[in-house]
$ cat coords05.json   # JSON, C-alpha atoms and all ligand atoms
[["chain", "number", "residue", "atom", "x", "y", "z"],
["A", 7, "LEU", "CA", 10.67, -34.14, -24.99],
["A", 8, "GLN", "CA", 7.07, -33.47, -23.93],
["A", 9, "ALA", "CA", 5.20, -30.68, -25.69],
["A", 10, "ASP", "CA", 4.43, -28.84, -22.46],
["A", 11, "THR", "CA", 8.06, -28.65, -21.28],
["A", 12, "VAL", "CA", 8.83, -25.11, -20.13],
["A", 13, "LEU", "CA", 12.37, -25.58, -18.88],
["A", 14, "SER", "CA", 14.55, -28.21, -20.46],
["A", 15, "VAL", "CA", 18.06, -28.93, -19.17],
["A", 16, "GLU", "CA", 19.93, -31.55, -21.20],
["A", 17, "ASP", "CA", 23.45, -32.93, -20.76],
["A", 18, "LEU", "CA", 24.38, -29.87, -18.76],
["A", 19, "SER", "CA", 27.97, -29.64, -17.58],
["A", 20, "VAL", "CA", 29.52, -26.66, -15.81],
["A", 21, "SER", "CA", 33.00, -26.40, -14.38],
["A", 22, "TYR", "CA", 35.03, -23.86, -12.47],
["A", 23, "GLY", "CA", 38.51, -24.47, -13.79],
["A", 24, "LYS", "CA", 39.31, -28.00, -12.69],
["A", 25, "VAL", "CA", 36.25, -28.31, -10.44],
["A", 26, "GLN", "CA", 33.39, -29.98, -12.27],
["A", 27, "ALA", "CA", 30.29, -28.59, -10.53],
["A", 28, "LEU", "CA", 27.68, -30.20, -12.82],
["A", 29, "GLU", "CA", 28.06, -33.23, -15.07],
["A", 30, "ASP", "CA", 25.52, -34.38, -17.70],
["A", 31, "VAL", "CA", 22.51, -33.12, -15.79],
["A", 32, "ASP", "CA", 19.03, -33.67, -17.29],
["A", 33, "ILE", "CA", 16.10, -31.88, -15.68],
["A", 34, "ASP", "CA", 12.81, -30.68, -17.04],
["A", 35, "VAL", "CA", 9.91, -28.67, -15.73],
["A", 36, "ARG", "CA", 6.52, -28.94, -17.44],
["A", 37, "SER", "CA", 3.65, -26.52, -17.55],
["A", 38, "GLY", "CA", 2.20, -25.81, -14.09],
["A", 39, "GLU", "CA", 4.65, -28.06, -12.26],
["A", 40, "THR", "CA", 6.61, -27.49, -9.10],
["A", 41, "VAL", "CA", 9.93, -29.31, -9.31],
["A", 42, "ALA", "CA", 12.50, -29.53, -6.53],
["A", 43, "VAL", "CA", 16.23, -30.12, -6.83],
["A", 44, "ILE", "CA", 17.51, -31.49, -3.56],
["A", 45, "GLY", "CA", 20.99, -32.35, -2.42],
["A", 46, "PRO", "CA", 23.63, -31.72, 0.22],
["A", 47, "ASN", "CA", 26.12, -28.84, 0.43],
["A", 48, "GLY", "CA", 28.25, -28.57, -2.65],
["A", 49, "ALA", "CA", 25.96, -30.79, -4.75],
["A", 50, "GLY", "CA", 25.72, -28.09, -7.43],
["A", 51, "LYS", "CA", 22.31, -26.56, -6.71],
["A", 52, "SER", "CA", 23.46, -22.93, -6.78],
["A", 53, "THR", "CA", 25.48, -23.57, -9.91],
["A", 54, "LEU", "CA", 22.36, -25.01, -11.57],
["A", 55, "VAL", "CA", 20.20, -22.02, -10.58],
["A", 56, "ASP", "CA", 22.84, -19.54, -11.70],
["A", 57, "THR", "CA", 23.29, -21.33, -15.00],
["A", 58, "ILE", "CA", 19.56, -21.27, -15.71],
["A", 59, "GLY", "CA", 19.64, -17.56, -14.84],
["A", 60, "GLY", "CA", 22.26, -16.97, -17.51],
["A", 61, "PHE", "CA", 25.24, -16.38, -15.23],
["A", 62, "HIS", "CA", 27.54, -19.22, -16.31],
["A", 63, "GLU", "CA", 29.03, -20.63, -19.46],
["A", 64, "TYR", "CA", 28.05, -24.25, -19.94],
["A", 65, "ASP", "CA", 28.17, -27.33, -22.14],
["A", 66, "GLY", "CA", 24.91, -28.97, -23.14],
["A", 67, "SER", "CA", 21.58, -27.28, -23.44],
["A", 68, "VAL", "CA", 19.39, -25.12, -21.17],
["A", 69, "ARG", "CA", 16.20, -24.05, -22.88],
["A", 70, "PHE", "CA", 13.45, -21.92, -21.51],
["A", 71, "ASN", "CA", 10.28, -22.00, -23.65],
["A", 72, "GLY", "CA", 12.47, -23.39, -26.42],
["A", 73, "THR", "CA", 15.05, -20.59, -26.32],
["A", 74, "GLU", "CA", 18.64, -21.42, -25.41],
["A", 75, "VAL", "CA", 19.65, -19.45, -22.31],
["A", 76, "ALA", "CA", 23.18, -18.85, -23.67],
["A", 77, "ASP", "CA", 21.61, -16.88, -26.54],
["A", 78, "THR", "CA", 19.60, -14.63, -24.22],
["A", 79, "SER", "CA", 20.60, -11.85, -21.82],
["A", 80, "THR", "CA", 19.43, -11.96, -18.19],
["A", 81, "PRO", "CA", 17.11, -8.91, -18.59],
["A", 82, "GLU", "CA", 15.56, -10.66, -21.60],
["A", 83, "LEU", "CA", 15.03, -13.78, -19.49],
["A", 84, "ILE", "CA", 13.22, -11.68, -16.90],
["A", 85, "GLU", "CA", 11.13, -10.00, -19.58],
["A", 86, "ASN", "CA", 10.28, -13.48, -20.88],
["A", 87, "GLY", "CA", 8.83, -14.31, -17.48],
["A", 88, "LEU", "CA", 11.76, -16.08, -15.87],
["A", 89, "PHE", "CA", 12.45, -14.72, -12.45],
["A", 90, "TYR", "CA", 15.37, -15.75, -10.45],
["A", 91, "CYS", "CA", 14.73, -15.37, -6.75],
["A", 92, "THR", "CA", 17.83, -15.68, -4.61],
["A", 93, "GLU", "CA", 18.11, -16.37, -0.91],
["A", 94, "ARG", "CA", 17.73, -12.74, 0.22],
["A", 95, "ARG", "CA", 21.26, -11.79, -0.91],
["A", 96, "ASP", "CA", 20.00, -9.28, -3.40],
["A", 97, "LEU", "CA", 17.81, -7.05, -1.22],
["A", 98, "PHE", "CA", 18.76, -3.40, -0.82],
["A", 99, "ASP", "CA", 19.35, -2.97, 2.91],
["A", 100, "PHE", "CA", 18.88, 0.77, 3.12],
["A", 101, "MET", "CA", 15.62, 0.82, 1.21],
["A", 102, "SER", "CA", 12.21, 0.28, 2.71],
["A", 103, "VAL", "CA", 10.27, -2.95, 2.31],
["A", 104, "GLU", "CA", 7.93, -1.26, -0.16],
["A", 105, "GLN", "CA", 10.79, 0.17, -2.25],
["A", 106, "ASN", "CA", 12.39, -3.26, -2.51],
["A", 107, "LEU", "CA", 9.09, -4.75, -3.60],
["A", 108, "ARG", "CA", 8.52, -2.08, -6.24],
["A", 109, "LEU", "CA", 11.99, -2.73, -7.66],
["A", 110, "GLY", "CA", 10.74, -6.21, -8.51],
["A", 111, "SER", "CA", 8.45, -4.79, -11.16],
["A", 112, "TYR", "CA", 10.93, -2.42, -12.79],
["A", 113, "LEU", "CA", 10.90, -4.39, -16.03],
["A", 114, "ASN", "CA", 7.17, -4.93, -15.94],
["A", 115, "GLY", "CA", 5.47, -1.88, -14.42],
["A", 116, "GLU", "CA", 2.00, -2.70, -15.65],
["A", 117, "GLY", "CA", -0.29, -3.79, -12.81],
["A", 118, "GLU", "CA", 2.28, -2.86, -10.16],
["A", 119, "GLU", "CA", -0.27, -1.56, -7.62],
["A", 120, "LYS", "CA", -2.44, -4.66, -7.96],
["A", 121, "ARG", "CA", 0.51, -6.98, -7.51],
["A", 122, "LEU", "CA", 1.72, -5.02, -4.49],
["A", 123, "GLU", "CA", -1.68, -5.64, -2.92],
["A", 124, "GLU", "CA", -1.48, -9.34, -3.79],
["A", 125, "VAL", "CA", 1.95, -9.62, -2.16],
["A", 126, "PHE", "CA", 0.66, -7.84, 0.94],
["A", 127, "ASP", "CA", -2.28, -10.27, 1.02],
["A", 128, "LEU", "CA", 0.19, -13.18, 0.92],
["A", 129, "PHE", "CA", 2.46, -11.62, 3.54],
["A", 130, "PRO", "CA", 0.58, -9.33, 5.96],
["A", 131, "ARG", "CA", 3.83, -9.01, 7.94],
["A", 132, "LEU", "CA", 5.36, -7.18, 4.99],
["A", 133, "GLU", "CA", 2.43, -4.78, 4.80],
["A", 134, "GLU", "CA", 2.77, -3.98, 8.50],
["A", 135, "ARG", "CA", 6.46, -3.23, 7.86],
["A", 136, "ARG", "CA", 6.15, -1.56, 4.45],
["A", 137, "SER", "CA", 8.00, 1.63, 5.55],
["A", 138, "GLN", "CA", 10.60, -0.18, 7.63],
["A", 139, "GLU", "CA", 14.24, -0.25, 6.52],
["A", 140, "THR", "CA", 15.03, -3.66, 5.08],
["A", 141, "GLN", "CA", 18.20, -4.18, 7.11],
["A", 142, "SER", "CA", 16.16, -4.26, 10.32],
["A", 143, "LEU", "CA", 13.98, -7.18, 9.17],
["A", 144, "SER", "CA", 14.41, -10.64, 10.64],
["A", 145, "GLY", "CA", 15.84, -13.41, 8.45],
["A", 146, "GLY", "CA", 12.40, -14.88, 7.85],
["A", 147, "GLU", "CA", 10.93, -11.50, 6.94],
["A", 148, "LYS", "CA", 13.75, -10.97, 4.46],
["A", 149, "GLN", "CA", 12.94, -14.34, 2.94],
["A", 150, "MET", "CA", 9.31, -13.23, 2.55],
["A", 151, "LEU", "CA", 10.49, -9.98, 0.99],
["A", 152, "SER", "CA", 12.72, -11.80, -1.46],
["A", 153, "LEU", "CA", 9.84, -14.06, -2.49],
["A", 154, "GLY", "CA", 7.46, -11.09, -2.66],
["A", 155, "ARG", "CA", 9.85, -9.16, -4.83],
["A", 156, "GLY", "CA", 10.10, -12.10, -7.21],
["A", 157, "LEU", "CA", 6.32, -12.11, -7.50],
["A", 158, "MET", "CA", 6.29, -8.38, -8.32],
["A", 159, "SER", "CA", 7.77, -9.18, -11.73],
["A", 160, "ASP", "CA", 4.67, -11.31, -12.45],
["A", 161, "PRO", "CA", 6.80, -14.33, -13.36],
["A", 162, "GLU", "CA", 5.59, -17.33, -15.27],
["A", 163, "PHE", "CA", 8.49, -19.27, -13.92],
["A", 164, "LEU", "CA", 9.85, -18.86, -10.44],
["A", 165, "ILE", "CA", 13.15, -20.18, -9.16],
["A", 166, "LEU", "CA", 13.50, -20.41, -5.41],
["A", 167, "ASP", "CA", 16.98, -20.94, -4.05],
["A", 168, "GLU", "CA", 16.75, -22.46, -0.56],
["A", 169, "PRO", "CA", 13.42, -20.88, 0.47],
["A", 170, "SER", "CA", 13.46, -22.66, 3.83],
["A", 171, "ILE", "CA", 17.06, -22.00, 4.83],
["A", 172, "GLY", "CA", 17.55, -20.92, 8.43],
["A", 173, "LEU", "CA", 13.87, -20.33, 9.14],
["A", 174, "ALA", "CA", 12.11, -20.84, 12.47],
["A", 175, "PRO", "CA", 9.17, -23.29, 12.23],
["A", 176, "VAL", "CA", 6.51, -20.59, 12.47],
["A", 177, "ILE", "CA", 8.08, -18.58, 9.62],
["A", 178, "LEU", "CA", 8.52, -21.78, 7.61],
["A", 179, "GLN", "CA", 4.78, -22.27, 7.97],
["A", 180, "ASP", "CA", 4.15, -18.78, 6.50],
["A", 181, "ILE", "CA", 6.48, -19.49, 3.59],
["A", 182, "SER", "CA", 4.77, -22.85, 3.00],
["A", 183, "GLU", "CA", 1.35, -21.23, 2.88],
["A", 184, "ALA", "CA", 2.57, -18.51, 0.53],
["A", 185, "LEU", "CA", 4.10, -21.14, -1.73],
["A", 186, "GLU", "CA", 0.79, -23.01, -1.88],
["A", 187, "SER", "CA", -1.01, -19.80, -2.88],
["A", 188, "ILE", "CA", 1.61, -19.18, -5.58],
["A", 189, "GLN", "CA", 1.16, -22.71, -6.89],
["A", 190, "GLU", "CA", -2.54, -21.96, -7.36],
["A", 191, "LEU", "CA", -1.57, -19.16, -9.76],
["A", 192, "SER", "CA", -0.27, -22.01, -11.95],
["A", 193, "VAL", "CA", 3.24, -20.69, -12.42],
["A", 194, "GLU", "CA", 6.05, -23.18, -12.84],
["A", 195, "ILE", "CA", 8.33, -23.31, -9.82],
["A", 196, "LEU", "CA", 11.82, -24.74, -9.44],
["A", 197, "ILE", "CA", 12.91, -25.10, -5.83],
["A", 198, "CYS", "CA", 16.50, -25.82, -4.81],
["A", 199, "GLU", "CA", 16.54, -27.15, -1.29],
["A", 200, "GLN", "CA", 18.65, -28.88, 1.29],
["A", 201, "ASN", "CA", 15.55, -29.35, 3.41],
["A", 202, "ILE", "CA", 14.24, -32.53, 1.81],
["A", 203, "THR", "CA", 11.13, -32.72, 3.98],
["A", 204, "PHE", "CA", 10.08, -29.24, 2.79],
["A", 205, "ALA", "CA", 10.76, -30.23, -0.82],
["A", 206, "LEU", "CA", 8.84, -33.52, -0.57],
["A", 207, "GLU", "CA", 5.89, -31.63, 0.84],
["A", 208, "HIS", "CA", 5.66, -29.08, -1.97],
["A", 209, "ALA", "CA", 7.04, -30.56, -5.17],
["A", 210, "ASP", "CA", 5.25, -32.57, -7.85],
["A", 211, "ARG", "CA", 8.59, -34.14, -8.82],
["A", 212, "LEU", "CA", 12.09, -34.08, -7.38],
["A", 213, "TYR", "CA", 15.66, -34.61, -8.52],
["A", 214, "LEU", "CA", 18.37, -35.61, -6.09],
["A", 215, "LEU", "CA", 21.69, -34.04, -7.00],
["A", 216, "GLU", "CA", 24.94, -35.28, -5.52],
["A", 217, "ASN", "CA", 28.46, -34.30, -6.56],
["A", 218, "GLY", "CA", 27.10, -32.55, -9.64],
["A", 219, "SER", "CA", 25.06, -35.48, -10.99],
["A", 220, "VAL", "CA", 21.40, -36.47, -10.77],
["A", 221, "ARG", "CA", 21.28, -39.68, -8.68],
["A", 222, "ARG", "CA", 17.53, -40.12, -8.35],
["A", 223, "SER", "CA", 14.39, -38.51, -9.71],
["A", 224, "GLY", "CA", 10.68, -39.05, -9.33],
["A", 225, "THR", "CA", 7.52, -38.15, -7.45],
["A", 226, "PRO", "CA", 7.51, -37.64, -3.67],
["A", 227, "ASP", "CA", 5.79, -41.03, -3.25],
["A", 228, "SER", "CA", 8.40, -42.90, -5.25],
["A", 229, "LEU", "CA", 11.31, -41.18, -3.52],
["A", 230, "GLU", "CA", 10.07, -41.32, 0.05],
["A", 231, "SER", "CA", 10.54, -45.08, 0.11],
["A", 232, "ASP", "CA", 13.93, -44.93, -1.66],
["A", 233, "LYS", "CA", 16.76, -46.07, 0.59],
["A", 234, "PHE", "CA", 19.26, -43.73, -1.04],
["A", 235, "VAL", "CA", 17.03, -40.71, -0.42],
["A", 236, "GLU", "CA", 16.30, -41.91, 3.11],
["A", 237, "THR", "CA", 19.96, -41.60, 4.04],
["A", 238, "TYR", "CA", 19.71, -37.88, 3.25],
["A", 239, "ILE", "CA", 16.46, -37.39, 5.12],
["A", 240, "GLY", "CA", 17.95, -39.25, 8.07],
["A", 241, "GLY", "CA", 21.01, -37.04, 7.92],
["B", 1, "LIG", "P1", 25.33, -25.28, -1.05],
["B", 1, "LIG", "O1", 24.03, -25.88, -0.69],
["B", 1, "LIG", "O2", 26.41, -25.54, -0.03],
["B", 1, "LIG", "O3", 25.27, -23.84, -1.48],
["B", 1, "LIG", "P2", 25.33, -26.17, -3.79],
["B", 1, "LIG", "O4", 24.62, -27.47, -3.98],
["B", 1, "LIG", "O5", 24.59, -24.95, -4.13],
["B", 1, "LIG", "O6", 25.89, -26.11, -2.32],
["B", 1, "LIG", "P3", 27.40, -25.20, -5.55],
["B", 1, "LIG", "O7", 27.54, -23.92, -4.81],
["B", 1, "LIG", "O8", 26.73, -25.17, -6.86],
["B", 1, "LIG", "O9", 26.67, -26.29, -4.64],
["B", 1, "LIG", "O10", 28.86, -25.82, -5.71],
["B", 1, "LIG", "C1", 29.11, -27.01, -6.47],
["B", 1, "LIG", "C2", 30.62, -27.27, -6.47],
["B", 1, "LIG", "O11", 31.31, -26.25, -7.21],
["B", 1, "LIG", "C3", 31.26, -27.27, -5.09],
["B", 1, "LIG", "O12", 32.23, -28.27, -5.06],
["B", 1, "LIG", "C4", 31.90, -25.89, -4.98],
["B", 1, "LIG", "O13", 33.02, -25.91, -4.13],
["B", 1, "LIG", "C5", 32.30, -25.62, -6.42],
["B", 1, "LIG", "N1", 32.31, -24.18, -6.73],
["B", 1, "LIG", "C6", 31.26, -23.34, -6.65],
["B", 1, "LIG", "N2", 31.61, -22.09, -7.02],
["B", 1, "LIG", "C7", 32.92, -22.15, -7.36],
["B", 1, "LIG", "C8", 33.87, -21.20, -7.83],
["B", 1, "LIG", "N3", 33.54, -19.93, -8.05],
["B", 1, "LIG", "N4", 35.14, -21.64, -8.05],
["B", 1, "LIG", "C9", 35.49, -22.93, -7.84],
["B", 1, "LIG", "N5", 34.64, -23.87, -7.40],
["B", 1, "LIG", "C10", 33.37, -23.50, -7.16]]
$ encode --input "coords05.json" --output "structure tokens" --more "lines below"
Ligand code: ATP
Amino acid sequence: LQADTVLSVEDLSVSYGKVQALEDVDIDVRSGETVAVIGPNGAGKSTLVDTIGGFHEYDGSVRFNGTEVADTSTPELIENGLFYCTERRDLFDFMSVEQNLRLGSYLNGEGEEKRLEEVFDLFPRLEERRSQETQSLSGGEKQMLSLGRGLMSDPEFLILDEPSIGLAPVILQDISEALESIQELSVEILICEQNITFALEHADRLYLLENGSVRRSGTPDSLESDKFVETYIGG
């Protein structure tokens, strides 16, 4: 194990009754890295993200800064700088954009105003709509809000579950640019994606998950020419 490993997943297995969703998965994320986990529907990406977030029992080891996730509560994980950013499922529809953003910093109120400004700099569309009710936002705007709210907790480690899902190209471009700005802040980022092109563009390293197992891993360059990966990009 390298000294600068921030997230270390070793021999991870998770099952739902008889369904084995993950089997002997090894993944690590090192300091400052963006890592993507790619794979088709049902590959186990959501199960992986939820397990890292402390929501599943598991066999094997999931360590964040050396601490086993099973020994830590989810609020503690957030306080330790892990933030789990879902695909806009967890926004409060009847609250305003600004209220949802401020909720992101409820465990870490220090510097809230400054971070709100930073999020508005990243996403001017959110600033224009700061008083608007969240339920009236478009899908892409909700995705921005979900990402923005994750940033409000000032995370060291950001997990993005399908950041590109269902987005029109122009919104995808906004999310891409925001992601690049976030990468400059040198946080570690784990992206779970079905959109392999998006993942290849943004990740330092990738893991291809299929039927709950890691089938391939490597840098974008090494995977782009891999026939096995190509079949997914083609599809
Ligand atoms: P998608 O991209 O479609 O969301 P995924 O890669 O995130 O897929 P998971 O949602 O992690 O995949 O599912 C992995 C496997 O576990 C699938 O076969 C799924 O049917 C199964 N599974 C997920 N949740 C449950 C559950 N609560 N009970 C039983 N099986 C489940």
$ residues_around --input "coords05.json" --residues "Ala49 in chain A" --least-positions-apart "6" --cutoff "7 Å" --atoms "only C-alpha atoms" --output "mmCIF file with C-alpha atoms, keeping the file's coordinate frame"
data_model
loop_
_atom_site.group_PDB
_atom_site.id
_atom_site.type_symbol
_atom_site.label_atom_id
_atom_site.label_comp_id
_atom_site.auth_asym_id
_atom_site.auth_seq_id
_atom_site.Cartn_x
_atom_site.Cartn_y
_atom_site.Cartn_z
ATOM 1 C CA LEU A 215 21.690 -34.040 -7.000
ATOM 2 C CA GLU A 216 24.940 -35.280 -5.520
ATOM 3 C CA ASN A 217 28.460 -34.300 -6.560
ATOM 4 C CA GLY A 218 27.100 -32.550 -9.640
#
$ axis_aligned_box --input "coords05.json" --around "ligand LIG 1 (chain B)" --padding-each-side "4 Å" --output "JSON"
{"center_x": 29.8, "center_y": -24.1, "center_z": -4.0, "size_x": 19.5, "size_y": 16.3, "size_z": 16.0}
$ residues_around --input "coords05.json" --residues "range 142-152 of chain A" --least-positions-apart "4" --cutoff "9 Å" --atoms "only C-alpha atoms" --output "number ranges by chain"
A: 91-97, 99, 103, 106-107, 129, 131-132, 135, 138, 156-157, 169-174, 177-178, 180-181, 184
$ residues_near_ligand --input "coords05.json" --ligand "ligand LIG 1 (chain B)" --cutoff "7 Å" --atoms "only C-alpha atoms and all ligand atoms" --output "PDB file with C-alpha atoms, keeping the file's coordinate frame"
ATOM      1  CA  TYR A  22      35.030 -23.860 -12.470  1.00  0.00           C
ATOM      2  CA  GLY A  23      38.510 -24.470 -13.790  1.00  0.00           C
ATOM      3  CA  VAL A  25      36.250 -28.310 -10.440  1.00  0.00           C
ATOM      4  CA  GLN A  26      33.390 -29.980 -12.270  1.00  0.00           C
ATOM      5  CA  ALA A  27      30.290 -28.590 -10.530  1.00  0.00           C
ATOM      6  CA  GLY A  45      20.990 -32.350  -2.420  1.00  0.00           C
ATOM      7  CA  PRO A  46      23.630 -31.720   0.220  1.00  0.00           C
ATOM      8  CA  ASN A  47      26.120 -28.840   0.430  1.00  0.00           C
ATOM      9  CA  GLY A  48      28.250 -28.570  -2.650  1.00  0.00           C
ATOM     10  CA  ALA A  49      25.960 -30.790  -4.750  1.00  0.00           C
ATOM     11  CA  GLY A  50      25.720 -28.090  -7.430  1.00  0.00           C
ATOM     12  CA  LYS A  51      22.310 -26.560  -6.710  1.00  0.00           C
ATOM     13  CA  SER A  52      23.460 -22.930  -6.780  1.00  0.00           C
ATOM     14  CA  THR A  53      25.480 -23.570  -9.910  1.00  0.00           C
ATOM     15  CA  LEU A  54      22.360 -25.010 -11.570  1.00  0.00           C
ATOM     16  CA  GLN A 200      18.650 -28.880   1.290  1.00  0.00           C
ATOM     17  CA  GLY A 218      27.100 -32.550  -9.640  1.00  0.00           C
TER      18      GLY A 218
END
$ residues_around --input "coords05.json" --residues "Val43 in chain A" --least-positions-apart "5" --cutoff "10 Å" --atoms "only C-alpha atoms" --output "PyMOL selection string"
chain A and resi 33+49-51+54-55+167-168+196-200+202+205+209+211-215+220+223
$ atom_distance --input "coords05.json" --atom1 "CA of Thr225 in chain A" --atom2 "CA of Ile44 in chain A"
12.6 Å
$ closest_residue --input "coords05.json" --among "A:Asn71, A:Ser228, A:Gln105, A:Thr203" --to "Thr140 in chain A" --atoms "only C-alpha atoms"
A:Gln105
$ closest_residue --input "coords05.json" --among "A:Ser192, A:Glu119, A:Ser219, A:Val125" --to "Ser19 in chain A" --atoms "all atoms listed in the file"
A:Ser219
$ closest_residue --input "coords05.json" --among "A:Asp30, A:Ser111, A:Glu124, A:Val41" --to "Leu206 in chain A" --atoms "only C-alpha atoms"
A:Val41
$ closest_residue --input "coords05.json" --among "A:His208, A:Thr80, A:Met101, A:Glu123" --to "Asp56 in chain A" --atoms "all atoms listed in the file"
A:Thr80
$ residues_around --input "coords05.json" --residues "Leu113 in chain A" --least-positions-apart "6" --cutoff "9 Å" --atoms "only C-alpha atoms" --output "PyMOL selection string"
chain A and resi 81+84-85+159
$ residues_near_point --input "coords05.json" --point "(13.0, -31.6, -16.7)" --cutoff "7 Å" --atoms "all atoms listed in the file" --output "JSON, numbers by chain"
{"A": [13, 14, 15, 32, 33, 34, 35]}
$ closest_residue --input "coords05.json" --among "A:Ile58, A:Asp65, A:Gly117, A:Leu229" --to "Ser79 in chain A" --atoms "only C-alpha atoms"
A:Ile58
$ decode --input "coords05.json" --residues "range 157-170 of chain A" --atoms "N, CA and C atoms" --output "short mmCIF file (atom, residue, chain, number, x, y, z; two decimals), in the first residue's frame"
data_model
loop_
_atom_site.label_atom_id
_atom_site.label_comp_id
_atom_site.auth_asym_id
_atom_site.auth_seq_id
_atom_site.Cartn_x
_atom_site.Cartn_y
_atom_site.Cartn_z
N LEU A 157 -19.77 20.56 -2.14
CA LEU A 157 -18.62 21.44 -1.92
C LEU A 157 -18.79 22.31 -0.67
N MET A 158 -20.04 22.58 -0.29
CA MET A 158 -20.29 23.42 0.89
C MET A 158 -19.77 22.78 2.18
N SER A 159 -19.57 21.46 2.16
CA SER A 159 -19.04 20.82 3.38
C SER A 159 -17.51 20.88 3.39
N ASP A 160 -16.91 21.54 2.39
CA ASP A 160 -15.46 21.68 2.30
C ASP A 160 -14.77 20.32 2.37
N PRO A 161 -15.15 19.40 1.48
CA PRO A 161 -14.66 18.03 1.57
C PRO A 161 -13.22 17.92 1.14
N GLU A 162 -12.52 16.96 1.74
CA GLU A 162 -11.21 16.60 1.21
C GLU A 162 -11.38 15.55 0.14
N PHE A 163 -12.47 14.83 0.27
CA PHE A 163 -12.68 13.69 -0.60
C PHE A 163 -14.12 13.75 -1.10
N LEU A 164 -14.26 13.75 -2.40
CA LEU A 164 -15.58 13.94 -2.98
C LEU A 164 -15.96 12.70 -3.79
N ILE A 165 -17.16 12.20 -3.55
CA ILE A 165 -17.63 11.06 -4.33
C ILE A 165 -18.77 11.51 -5.21
N LEU A 166 -18.62 11.33 -6.49
CA LEU A 166 -19.65 11.77 -7.43
C LEU A 166 -20.29 10.56 -8.07
N ASP A 167 -21.57 10.39 -7.82
CA ASP A 167 -22.30 9.25 -8.36
C ASP A 167 -23.00 9.70 -9.63
N GLU A 168 -22.52 9.25 -10.76
CA GLU A 168 -23.09 9.57 -12.07
C GLU A 168 -23.27 11.07 -12.32
N PRO A 169 -22.19 11.86 -12.24
CA PRO A 169 -22.36 13.31 -12.44
C PRO A 169 -22.87 13.69 -13.82
N SER A 170 -22.72 12.82 -14.81
CA SER A 170 -23.11 13.22 -16.17
C SER A 170 -24.47 12.68 -16.58
#
